[in-house]
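Coordinates from upload.cif are shown below (mmCIF, C-alpha atoms).
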data_upload
loop_
_atom_site.group_PDB
_atom_site.id
_atom_site.type_symbol
_atom_site.label_atom_id
_atom_site.label_comp_id
_atom_site.auth_asym_id
_atom_site.auth_seq_id
_atom_site.Cartn_x
_atom_site.Cartn_y
_atom_site.Cartn_z
ATOM 1 C CA MET A 1 0.000 0.000 0.000
ATOM 2 C CA THR A 2 1.573 3.266 -1.085
ATOM 3 C CA THR A 3 0.964 6.126 1.284
ATOM 4 C CA LYS A 4 2.343 9.384 2.548
ATOM 5 C CA GLU A 5 0.877 8.801 5.999
ATOM 6 C CA ASN A 6 3.223 8.764 8.985
ATOM 7 C CA ILE A 7 1.672 7.324 12.134
ATOM 8 C CA LEU A 8 2.540 7.835 15.807
ATOM 9 C CA VAL A 9 1.351 5.095 18.172
ATOM 10 C CA ILE A 10 1.300 6.218 21.813
ATOM 11 C CA GLY A 11 1.195 3.354 24.306
ATOM 12 C CA ALA A 12 2.497 0.952 21.677
ATOM 13 C CA CYS A 13 3.758 -1.626 24.204
ATOM 14 C CA GLY A 14 0.358 -2.287 25.744
ATOM 15 C CA GLN A 15 -2.024 -5.138 25.008
ATOM 16 C CA LEU A 16 -3.697 -3.441 22.025
ATOM 17 C CA GLY A 17 -0.681 -1.357 20.999
ATOM 18 C CA THR A 18 1.675 -4.254 20.331
ATOM 19 C CA GLU A 19 -0.652 -5.891 17.838
ATOM 20 C CA LEU A 20 -2.042 -2.712 16.298
ATOM 21 C CA THR A 21 1.502 -1.420 15.681
ATOM 22 C CA VAL A 22 2.400 -4.601 13.786
ATOM 23 C CA ALA A 23 -0.793 -4.345 11.718
ATOM 24 C CA LEU A 24 -0.139 -0.689 10.892
ATOM 25 C CA ARG A 25 3.434 -1.462 9.824
ATOM 26 C CA ASN A 26 2.157 -4.224 7.564
ATOM 27 C CA ILE A 27 -0.090 -1.664 5.856
ATOM 28 C CA TYR A 28 2.000 1.508 5.836
ATOM 29 C CA GLY A 29 5.555 0.170 6.091
ATOM 30 C CA GLU A 30 7.772 -0.040 9.186
ATOM 31 C CA HIS A 31 9.439 3.331 8.505
ATOM 32 C CA HIS A 32 6.057 5.094 8.497
ATOM 33 C CA VAL A 33 4.900 3.888 11.940
ATOM 34 C CA VAL A 34 6.616 5.259 15.048
ATOM 35 C CA ALA A 35 5.978 3.222 18.198
ATOM 36 C CA THR A 36 6.244 5.044 21.550
ATOM 37 C CA ASP A 37 5.767 4.152 25.206
ATOM 38 C CA ILE A 38 7.111 5.215 28.585
ATOM 39 C CA HIS A 39 8.825 1.815 28.868
ATOM 40 C CA CYS A 40 8.756 -1.447 26.949
ATOM 41 C CA ALA A 41 9.301 -4.836 28.559
ATOM 42 C CA ASP A 42 9.909 -6.590 25.237
ATOM 43 C CA PRO A 43 13.302 -5.685 23.712
ATOM 44 C CA ALA A 44 12.424 -7.541 20.511
ATOM 45 C CA PHE A 45 9.390 -5.307 19.954
ATOM 46 C CA LYS A 46 11.528 -2.174 20.295
ATOM 47 C CA GLU A 47 13.855 -3.469 17.595
ATOM 48 C CA GLN A 48 11.154 -4.268 15.033
ATOM 49 C CA GLY A 49 10.891 -0.684 13.790
ATOM 50 C CA ILE A 50 11.192 2.907 14.932
ATOM 51 C CA PHE A 51 10.747 3.179 18.711
ATOM 52 C CA GLU A 52 10.921 6.277 20.908
ATOM 53 C CA GLU A 53 10.446 6.555 24.652
ATOM 54 C CA LEU A 54 7.585 8.927 25.440
ATOM 55 C CA ASN A 55 5.683 9.866 28.563
ATOM 56 C CA ALA A 56 2.255 10.658 27.114
ATOM 57 C CA MET A 57 1.862 13.549 29.578
ATOM 58 C CA ASP A 58 4.920 15.241 28.045
ATOM 59 C CA GLY A 59 3.255 17.357 25.381
ATOM 60 C CA LYS A 60 6.512 19.059 24.408
ATOM 61 C CA LYS A 61 8.258 15.755 23.626
ATOM 62 C CA MET A 62 5.162 14.513 21.811
ATOM 63 C CA ALA A 63 5.143 17.603 19.582
ATOM 64 C CA GLU A 64 8.859 17.167 18.893
ATOM 65 C CA LEU A 65 8.255 13.597 17.692
ATOM 66 C CA VAL A 66 5.374 14.747 15.494
ATOM 67 C CA ASN A 67 7.724 17.258 13.868
ATOM 68 C CA LYS A 68 10.692 14.888 13.668
ATOM 69 C CA TYR A 69 8.786 12.148 11.851
ATOM 70 C CA GLN A 70 6.304 14.400 9.991
ATOM 71 C CA ILE A 71 3.413 12.594 11.670
ATOM 72 C CA THR A 72 -0.012 12.789 10.005
ATOM 73 C CA GLN A 73 -2.021 10.438 12.277
ATOM 74 C CA ILE A 74 -1.889 9.597 15.982
ATOM 75 C CA TYR A 75 -3.234 6.438 17.616
ATOM 76 C CA HIS A 76 -3.436 7.364 21.300
ATOM 77 C CA LEU A 77 -3.589 4.138 23.334
ATOM 78 C CA ALA A 78 -1.880 5.119 26.611
ATOM 79 C CA ALA A 79 -4.146 4.871 29.665
ATOM 80 C CA MET A 80 -4.401 3.472 33.166
ATOM 81 C CA LEU A 81 -7.012 0.710 33.112
ATOM 82 C CA SER A 82 -10.016 0.107 35.362
ATOM 83 C CA ALA A 83 -8.720 -1.971 38.284
ATOM 84 C CA LYS A 84 -5.346 -0.197 38.534
ATOM 85 C CA GLY A 85 -7.063 3.160 38.181
ATOM 86 C CA GLU A 86 -9.164 2.506 41.277
ATOM 87 C CA GLN A 87 -5.971 2.030 43.284
ATOM 88 C CA ASN A 88 -4.665 5.446 42.228
ATOM 89 C CA PRO A 89 -7.628 7.470 40.935
ATOM 90 C CA LEU A 90 -6.085 10.940 40.880
ATOM 91 C CA PHE A 91 -3.080 9.822 38.879
ATOM 92 C CA ALA A 92 -5.289 7.734 36.565
ATOM 93 C CA TRP A 93 -7.366 10.844 35.801
ATOM 94 C CA LYS A 94 -4.260 12.953 35.289
ATOM 95 C CA LEU A 95 -2.623 10.429 32.951
ATOM 96 C CA ASN A 96 -5.732 9.605 30.950
ATOM 97 C CA MET A 97 -6.873 13.202 30.438
ATOM 98 C CA GLU A 98 -3.627 15.147 30.086
ATOM 99 C CA SER A 99 -2.293 12.712 27.519
ATOM 100 C CA LEU A 100 -5.443 12.954 25.386
ATOM 101 C CA LEU A 101 -5.495 16.755 25.543
ATOM 102 C CA ASN A 102 -1.849 16.781 24.426
ATOM 103 C CA VAL A 103 -2.837 14.714 21.390
ATOM 104 C CA LEU A 104 -5.878 16.836 20.554
ATOM 105 C CA GLU A 105 -3.965 20.098 20.832
ATOM 106 C CA ILE A 106 -1.163 18.819 18.610
ATOM 107 C CA ALA A 107 -3.733 17.550 16.096
ATOM 108 C CA ARG A 108 -5.347 20.998 16.045
ATOM 109 C CA GLU A 109 -2.097 22.940 15.811
ATOM 110 C CA LYS A 110 -0.450 20.685 13.211
ATOM 111 C CA GLN A 111 -3.698 19.992 11.322
ATOM 112 C CA LEU A 112 -3.132 16.244 11.450
ATOM 113 C CA ASN A 113 -5.245 14.059 9.180
ATOM 114 C CA LYS A 114 -6.755 11.827 11.889
ATOM 115 C CA ILE A 115 -6.454 10.776 15.501
ATOM 116 C CA TYR A 116 -7.697 7.629 17.214
ATOM 117 C CA PHE A 117 -8.844 7.433 20.837
ATOM 118 C CA PRO A 118 -9.967 4.137 22.399
ATOM 119 C CA SER A 119 -12.948 4.269 24.702
ATOM 120 C CA SER A 120 -14.478 1.347 26.600
ATOM 121 C CA ILE A 121 -17.586 -0.320 27.954
ATOM 122 C CA GLY A 122 -16.281 1.237 31.185
ATOM 123 C CA VAL A 123 -18.261 4.374 30.275
ATOM 124 C CA PHE A 124 -21.475 2.532 31.177
ATOM 125 C CA GLY A 125 -22.857 2.231 34.699
ATOM 126 C CA PHE A 126 -25.396 0.420 36.902
ATOM 127 C CA ASP A 127 -28.378 2.242 35.357
ATOM 128 C CA THR A 128 -27.330 1.487 31.771
ATOM 129 C CA PRO A 129 -29.485 -1.223 30.104
ATOM 130 C CA LYS A 130 -27.579 -4.475 30.647
ATOM 131 C CA GLN A 131 -28.735 -6.397 27.595
ATOM 132 C CA ASN A 132 -27.829 -5.159 24.103
ATOM 133 C CA THR A 133 -26.732 -1.795 25.459
ATOM 134 C CA PRO A 134 -27.657 0.762 22.759
ATOM 135 C CA GLN A 135 -25.370 3.336 21.185
ATOM 136 C CA GLN A 136 -27.262 6.238 22.738
ATOM 137 C CA THR A 137 -28.106 5.432 26.340
ATOM 138 C CA ILE A 138 -27.639 6.398 29.990
ATOM 139 C CA ILE A 139 -23.911 6.758 30.705
ATOM 140 C CA ASN A 140 -22.950 7.022 34.370
ATOM 141 C CA PRO A 141 -19.514 5.399 34.812
ATOM 142 C CA THR A 142 -18.529 4.122 38.253
ATOM 143 C CA THR A 143 -14.714 4.066 37.889
ATOM 144 C CA VAL A 144 -12.187 6.811 37.261
ATOM 145 C CA TYR A 145 -11.243 4.875 34.116
ATOM 146 C CA GLY A 146 -14.817 5.041 32.851
ATOM 147 C CA ILE A 147 -15.154 8.708 33.845
ATOM 148 C CA SER A 148 -11.988 9.563 31.929
ATOM 149 C CA LYS A 149 -13.134 7.615 28.868
ATOM 150 C CA GLN A 150 -16.516 9.353 28.876
ATOM 151 C CA ALA A 151 -14.809 12.732 29.183
ATOM 152 C CA GLY A 152 -12.354 11.733 26.463
ATOM 153 C CA GLU A 153 -15.183 10.895 24.078
ATOM 154 C CA HIS A 154 -16.668 14.352 24.589
ATOM 155 C CA TRP A 155 -13.300 16.066 24.150
ATOM 156 C CA CYS A 156 -12.891 14.247 20.822
ATOM 157 C CA ASN A 157 -16.359 15.372 19.766
ATOM 158 C CA TYR A 158 -15.568 18.934 20.903
ATOM 159 C CA TYR A 159 -12.354 19.133 18.898
ATOM 160 C CA PHE A 160 -14.186 17.792 15.842
ATOM 161 C CA ASP A 161 -17.014 20.324 16.166
ATOM 162 C CA LYS A 162 -14.865 23.328 17.083
ATOM 163 C CA PHE A 163 -11.644 22.740 15.159
ATOM 164 C CA GLY A 164 -12.399 20.066 12.552
ATOM 165 C CA VAL A 165 -10.054 17.490 14.097
ATOM 166 C CA ASP A 166 -10.944 14.116 12.563
ATOM 167 C CA ALA A 167 -11.050 12.231 15.874
ATOM 168 C CA ARG A 168 -12.463 8.710 15.864
ATOM 169 C CA CYS A 169 -13.320 6.465 18.782
ATOM 170 C CA LEU A 170 -14.462 2.924 19.644
ATOM 171 C CA ARG A 171 -15.910 1.573 22.890
ATOM 172 C CA TYR A 172 -13.982 -1.659 23.256
ATOM 173 C CA PRO A 173 -15.309 -4.618 25.200
ATOM 174 C CA GLY A 174 -12.821 -6.780 27.074
ATOM 175 C CA LEU A 175 -9.901 -7.672 24.799
ATOM 176 C CA ILE A 176 -8.301 -11.116 24.720
ATOM 177 C CA SER A 177 -4.833 -11.694 23.290
ATOM 178 C CA TYR A 178 -2.076 -14.299 23.399
ATOM 179 C CA ASN A 179 0.679 -11.762 22.663
ATOM 180 C CA ALA A 180 0.424 -9.442 25.667
ATOM 181 C CA LEU A 181 0.037 -10.265 29.348
ATOM 182 C CA PRO A 182 -2.996 -8.987 31.303
ATOM 183 C CA GLY A 183 -2.741 -5.248 31.904
ATOM 184 C CA GLY A 184 -4.810 -4.581 35.013
ATOM 185 C CA GLY A 185 -8.315 -4.517 33.565
ATOM 186 C CA THR A 186 -11.435 -6.093 35.043
ATOM 187 C CA THR A 187 -11.944 -8.246 31.942
ATOM 188 C CA ASP A 188 -8.366 -9.552 32.047
ATOM 189 C CA TYR A 189 -9.438 -12.759 33.802
ATOM 190 C CA ALA A 190 -10.314 -13.956 30.292
ATOM 191 C CA VAL A 191 -6.633 -13.729 29.347
ATOM 192 C CA ASP A 192 -5.112 -15.017 32.591
ATOM 193 C CA ILE A 193 -7.382 -18.062 32.615
ATOM 194 C CA PHE A 194 -5.611 -19.481 29.539
ATOM 195 C CA TYR A 195 -2.157 -19.178 31.125
ATOM 196 C CA LYS A 196 -3.347 -20.894 34.303
ATOM 197 C CA ALA A 197 -5.075 -23.636 32.309
ATOM 198 C CA LEU A 198 -1.830 -24.461 30.514
ATOM 199 C CA GLU A 199 0.506 -23.973 33.489
ATOM 200 C CA ASN A 200 -1.284 -25.816 36.285
ATOM 201 C CA ASN A 201 -4.776 -26.890 35.117
ATOM 202 C CA ALA A 202 -6.456 -24.637 37.681
ATOM 203 C CA TYR A 203 -7.557 -21.006 37.987
ATOM 204 C CA GLU A 204 -9.012 -18.919 40.797
ATOM 205 C CA CYS A 205 -11.299 -16.316 39.233
ATOM 206 C CA PHE A 206 -11.876 -12.878 40.781
ATOM 207 C CA LEU A 207 -15.392 -12.728 39.243
ATOM 208 C CA SER A 208 -18.390 -14.949 39.976
ATOM 209 C CA GLU A 209 -19.163 -17.790 37.585
ATOM 210 C CA ASP A 210 -22.206 -16.176 35.944
ATOM 211 C CA THR A 211 -20.762 -12.687 35.389
ATOM 212 C CA TYR A 212 -21.404 -11.977 31.717
ATOM 213 C CA LEU A 213 -19.229 -9.374 30.010
ATOM 214 C CA PRO A 214 -18.818 -8.287 26.387
ATOM 215 C CA MET A 215 -15.516 -9.582 25.007
ATOM 216 C CA MET A 216 -13.532 -9.548 21.770
ATOM 217 C CA TYR A 217 -10.564 -11.467 20.394
ATOM 218 C CA MET A 218 -7.645 -9.202 19.584
ATOM 219 C CA PRO A 219 -7.601 -9.840 15.807
ATOM 220 C CA ASP A 220 -11.176 -8.537 15.688
ATOM 221 C CA ALA A 221 -10.262 -5.494 17.805
ATOM 222 C CA VAL A 222 -7.395 -4.630 15.456
ATOM 223 C CA LYS A 223 -9.624 -5.195 12.429
ATOM 224 C CA GLY A 224 -12.364 -2.971 13.872
ATOM 225 C CA THR A 225 -9.908 -0.195 14.667
ATOM 226 C CA LEU A 226 -8.437 -0.215 11.178
ATOM 227 C CA ASP A 227 -11.867 -0.486 9.542
ATOM 228 C CA LEU A 228 -12.988 2.618 11.441
ATOM 229 C CA MET A 229 -9.842 4.590 10.668
ATOM 230 C CA HIS A 230 -9.885 3.662 6.974
ATOM 231 C CA ALA A 231 -13.561 4.533 6.494
ATOM 232 C CA PRO A 232 -14.317 7.758 4.571
ATOM 233 C CA ALA A 233 -14.987 10.670 6.912
ATOM 234 C CA ASN A 234 -18.556 11.066 5.659
ATOM 235 C CA GLN A 235 -19.377 7.575 6.986
ATOM 236 C CA ILE A 236 -18.413 8.505 10.552
ATOM 237 C CA LYS A 237 -21.713 9.582 12.092
ATOM 238 C CA THR A 238 -20.677 9.793 15.752
ATOM 239 C CA ARG A 239 -17.596 11.497 17.158
ATOM 240 C CA THR A 240 -17.969 10.241 20.705
ATOM 241 C CA GLY A 241 -17.562 6.455 20.881
ATOM 242 C CA TYR A 242 -18.957 3.782 18.599
ATOM 243 C CA ASN A 243 -20.236 0.664 20.350
ATOM 244 C CA LEU A 244 -18.234 -2.384 19.237
ATOM 245 C CA ALA A 245 -19.251 -5.971 19.948
ATOM 246 C CA ALA A 246 -18.342 -9.545 19.119
ATOM 247 C CA ILE A 247 -19.058 -12.123 21.871
ATOM 248 C CA SER A 248 -20.324 -12.195 25.459
ATOM 249 C CA PHE A 249 -19.664 -14.980 27.939
ATOM 250 C CA SER A 250 -19.271 -15.783 31.641
ATOM 251 C CA PRO A 251 -16.287 -17.343 33.463
ATOM 252 C CA LYS A 252 -18.293 -20.561 33.626
ATOM 253 C CA GLU A 253 -18.817 -20.607 29.847
ATOM 254 C CA ILE A 254 -15.199 -19.900 28.918
ATOM 255 C CA THR A 255 -14.133 -22.608 31.381
ATOM 256 C CA GLN A 256 -16.380 -25.114 29.621
ATOM 257 C CA ALA A 257 -14.928 -24.076 26.248
ATOM 258 C CA ILE A 258 -11.373 -24.567 27.564
ATOM 259 C CA GLN A 259 -12.284 -27.950 29.096
ATOM 260 C CA LYS A 260 -13.124 -29.254 25.622
ATOM 261 C CA HIS A 261 -9.392 -28.964 24.913
ATOM 262 C CA ILE A 262 -8.034 -29.479 28.469
ATOM 263 C CA PRO A 263 -10.516 -31.794 30.262
ATOM 264 C CA ALA A 264 -8.597 -31.719 33.560
ATOM 265 C CA PHE A 265 -8.857 -27.921 33.890
ATOM 266 C CA THR A 266 -10.738 -26.714 36.991
ATOM 267 C CA ILE A 267 -11.851 -23.291 38.165
ATOM 268 C CA SER A 268 -12.705 -21.821 41.562
ATOM 269 C CA TYR A 269 -14.253 -18.457 42.363
ATOM 270 C CA LYS A 270 -13.181 -15.762 44.813
ATOM 271 C CA PRO A 271 -14.798 -12.467 43.766
ATOM 272 C CA ASP A 272 -12.940 -9.334 44.855
ATOM 273 C CA GLY A 273 -13.334 -5.595 44.276
ATOM 274 C CA ARG A 274 -13.348 -6.101 40.519
ATOM 275 C CA GLN A 275 -16.717 -7.849 40.820
ATOM 276 C CA GLN A 276 -18.419 -4.542 41.586
ATOM 277 C CA ILE A 277 -16.803 -2.966 38.544
ATOM 278 C CA ALA A 278 -17.958 -5.851 36.346
ATOM 279 C CA ASP A 279 -21.487 -5.647 37.761
ATOM 280 C CA SER A 280 -21.710 -2.028 36.600
ATOM 281 C CA TRP A 281 -20.966 -2.962 32.989
ATOM 282 C CA PRO A 282 -23.286 -4.406 30.329
ATOM 283 C CA ASP A 283 -23.783 -8.112 29.653
ATOM 284 C CA SER A 284 -23.932 -7.498 25.901
ATOM 285 C CA ILE A 285 -23.595 -4.587 23.462
ATOM 286 C CA ASP A 286 -25.678 -3.425 20.500
ATOM 287 C CA ASP A 287 -23.250 -2.219 17.840
ATOM 288 C CA THR A 288 -25.751 -1.838 14.996
ATOM 289 C CA GLN A 289 -24.544 1.686 14.226
ATOM 290 C CA SER A 290 -20.947 0.513 13.658
ATOM 291 C CA ARG A 291 -22.189 -2.230 11.351
ATOM 292 C CA GLN A 292 -24.400 0.180 9.395
ATOM 293 C CA ASP A 293 -22.087 3.227 9.218
ATOM 294 C CA TRP A 294 -18.752 1.651 8.302
ATOM 295 C CA GLY A 295 -19.398 -2.044 7.774
ATOM 296 C CA TRP A 296 -18.110 -3.586 10.998
ATOM 297 C CA GLN A 297 -18.188 -7.400 11.154
ATOM 298 C CA HIS A 298 -16.486 -9.612 13.739
ATOM 299 C CA GLN A 299 -14.892 -12.930 12.768
ATOM 300 C CA TYR A 300 -14.334 -14.927 15.994
ATOM 301 C CA ASN A 301 -16.862 -16.614 18.289
ATOM 302 C CA LEU A 302 -16.102 -18.179 21.690
ATOM 303 C CA ALA A 303 -15.161 -21.602 20.340
ATOM 304 C CA THR A 304 -12.853 -20.360 17.559
ATOM 305 C CA MET A 305 -11.226 -17.839 19.897
ATOM 306 C CA VAL A 306 -10.507 -20.453 22.592
ATOM 307 C CA GLU A 307 -9.021 -22.849 20.046
ATOM 308 C CA ASP A 308 -6.755 -20.173 18.553
ATOM 309 C CA MET A 309 -5.666 -18.869 21.968
ATOM 310 C CA LEU A 310 -4.619 -22.334 23.147
ATOM 311 C CA VAL A 311 -2.783 -23.175 19.923
ATOM 312 C CA ASN A 312 -0.734 -19.978 20.127
ATOM 313 C CA LEU A 313 -0.176 -19.921 23.892
ATOM 314 C CA LYS A 314 1.138 -23.474 23.867
ATOM 315 C CA LYS A 315 4.031 -22.143 21.808
ATOM 316 C CA LYS A 316 4.812 -19.562 24.522
ATOM 317 C CA VAL A 317 4.046 -21.172 27.864
ATOM 318 C CA VAL A 318 6.660 -23.504 29.323
ATOM 319 C CA LEU A 319 4.705 -26.408 30.694
ATOM 320 C CA ALA A 320 5.703 -27.713 34.106
#

Can you give me the file's structure in the form of structure tokens?
Amino acid sequence: MTTKENILVIGACGQLGTELTVALRNIYGEHHVVATDIHCADPAFKEQGIFEELNAMDGKKMAELVNKYQITQIYHLAAMLSAKGEQNPLFAWKLNMESLLNVLEIAREKQLNKIYFPSSIGVFGFDTPKQNTPQQTIINPTTVYGISKQAGEHWCNYYFDKFGVDARCLRYPGLISYNALPGGGTTDYAVDIFYKALENNAYECFLSEDTYLPMMYMPDAVKGTLDLMHAPANQIKTRTGYNLAAISFSPKEITQAIQKHIPAFTISYKPDGRQQIADSWPDSIDDTQSRQDWGWQHQYNLATMVEDMLVNLKKKVVLA
């Protein structure tokens, strides 16, 4: 694909960032995608293309990188997630909001082509309809993560309305990946459970067995992000956050799916503070608007996701 786009990925070493960066480099070329993060635990990832250390709250350094690499698009993925954010709410707010405002201001000043901001089902609350949560609905988040994502959606909409910044946003469900370790989110049990199944055939879950949450396999999340960002601007009908959905399941159901491959696997339940966060989120999401506006379609269901996760994790996990 020939292009003059130069892309800055902020938070490139996170769960979504690692895989989205690879996908962007496959499309635009490795010299056109600059990966940044405050630190990166994987030396191999840093060596795969251009990498720069960046604290997302450092607007001056961010602007310097935009100038240095003639950046035309920013994917802003840096954030403190739900469970970790509750342990340090003031810093979570500061990180999540200051970093986004840095991006939006640079996009306005430099007249960048597009920016991407990930939102989350964390924007929803206890009074949001639990089943097939609609695009336009009651939004009363209960975590500082959700509050910051809701505010971020409105800042993106504001910069689009006031300054013409082409800001685009998705409300991700829980994301499941074999490439990155869990990152401190409430839905991350659905990643950790695979490691425990392969390592010791047992897992203690911090959610109750019938807690349904919207989930998505990482290849679908990457696909949805790129589909949104590649859609013509006139197809983008909302500048807050598009609902995005694929599958919903409970810890009990994913356990049963894993047991089809690992019959000896067992699970126990010890709900902790993350249970209350999960209870405030929807069981399932209505993403009709995404499907109508820009053609979103997911590819993985629970069974195909579980099979693919186990095949790939077996290559990584050293069995005892």

How close does range 110-156 of chain A get to range 89-96 of chain A? List, as JSON lines, each residue of range 110-156 of chain A within 9 Å, its nearest atom pair and the distance in Å to one decimal, counting all atoms listed in the file.
{"residue": "A:Thr143", "atom": "CA", "partner": "A:Pro89", "partner_atom": "CA", "distance": 8.4}
{"residue": "A:Val144", "atom": "CA", "partner": "A:Pro89", "partner_atom": "CA", "distance": 5.9}
{"residue": "A:Tyr145", "atom": "CA", "partner": "A:Ala92", "partner_atom": "CA", "distance": 7.0}
{"residue": "A:Ile147", "atom": "CA", "partner": "A:Trp93", "partner_atom": "CA", "distance": 8.3}
{"residue": "A:Ser148", "atom": "CA", "partner": "A:Trp93", "partner_atom": "CA", "distance": 6.2}
{"residue": "A:Lys149", "atom": "CA", "partner": "A:Asn96", "partner_atom": "CA", "distance": 7.9}
{"residue": "A:Gly152", "atom": "CA", "partner": "A:Asn96", "partner_atom": "CA", "distance": 8.3}

Write the residues you've just listed into a file as a short mmCIF file (atom, residue, chain, number, x, y, z; two decimals), in the coordinates of the input, and include C-alpha atoms for each of them.
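Dumped everything to selection.cif:
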data_model
loop_
_atom_site.label_atom_id
_atom_site.label_comp_id
_atom_site.auth_asym_id
_atom_site.auth_seq_id
_atom_site.Cartn_x
_atom_site.Cartn_y
_atom_site.Cartn_z
CA THR A 143 -14.71 4.07 37.89
CA VAL A 144 -12.19 6.81 37.26
CA TYR A 145 -11.24 4.88 34.12
CA ILE A 147 -15.15 8.71 33.84
CA SER A 148 -11.99 9.56 31.93
CA LYS A 149 -13.13 7.62 28.87
CA GLY A 152 -12.35 11.73 26.46
#

Residues of range 117-219 of chain A that approach range 237-250 of chain A to 7 Å or less, counting only C-alpha atoms: could you list each one with the shortest pair of atoms and its distance in Å to one decimal, rows by chain and increasing residue number, as CSV?
residue,atom,partner,partner_atom,distance
A:Ser119,CA,A:Gly241,CA,6.4
A:Gln135,CA,A:Asn243,CA,5.8
A:Glu153,CA,A:Thr240,CA,4.4
A:His154,CA,A:Thr240,CA,5.8
A:Cys156,CA,A:Thr240,CA,6.5
A:Asn157,CA,A:Arg239,CA,4.8
A:Ala167,CA,A:Arg239,CA,6.7
A:Arg168,CA,A:Arg239,CA,6.0
A:Cys169,CA,A:Gly241,CA,4.7
A:Leu170,CA,A:Tyr242,CA,4.7
A:Arg171,CA,A:Asn243,CA,5.1
A:Tyr172,CA,A:Leu244,CA,5.9
A:Pro173,CA,A:Ala245,CA,6.7
A:Glu209,CA,A:Ser250,CA,6.3
A:Asp210,CA,A:Ser250,CA,5.2
A:Thr211,CA,A:Ser250,CA,5.1
A:Tyr212,CA,A:Ser250,CA,4.4
A:Leu213,CA,A:Ser248,CA,5.5
A:Pro214,CA,A:Ser248,CA,4.3
A:Met215,CA,A:Ile247,CA,5.4
A:Met216,CA,A:Ala246,CA,5.5

Any idea what's packed within 7 Å of range 295-305 of chain A, counting only C-alpha atoms, ignoring anything in its chain fewer than 2 positions away? Could you give it as a list of chain:residue names?
-> A:Tyr217, A:Asp220, A:Gly224, A:Ala246, A:Ile247, A:Ala257, A:Ser290, A:Arg291, A:Gln292, A:Asp293, A:Glu307, A:Asp308, A:Met309

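Here the PyMOL selection byres ((chain A and resi 190) around 10) catches exactly these residues: A:Gly174, A:Leu175, A:Ile176, A:Ser177, A:Pro182, A:Thr186, A:Thr187, A:Asp188, A:Tyr189, A:Val191, A:Asp192, A:Ile193, A:Phe194, A:Tyr195, A:Cys205, A:Met215, A:Phe249, A:Ser250, A:Pro251, A:Ile254, A:Thr255.
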
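Counting all atoms listed in the file and comparing A:Leu226, A:Ala56, A:Leu101, A:Ala79, the residue that lies closest to Tyr28 in chain A is A:Leu226.
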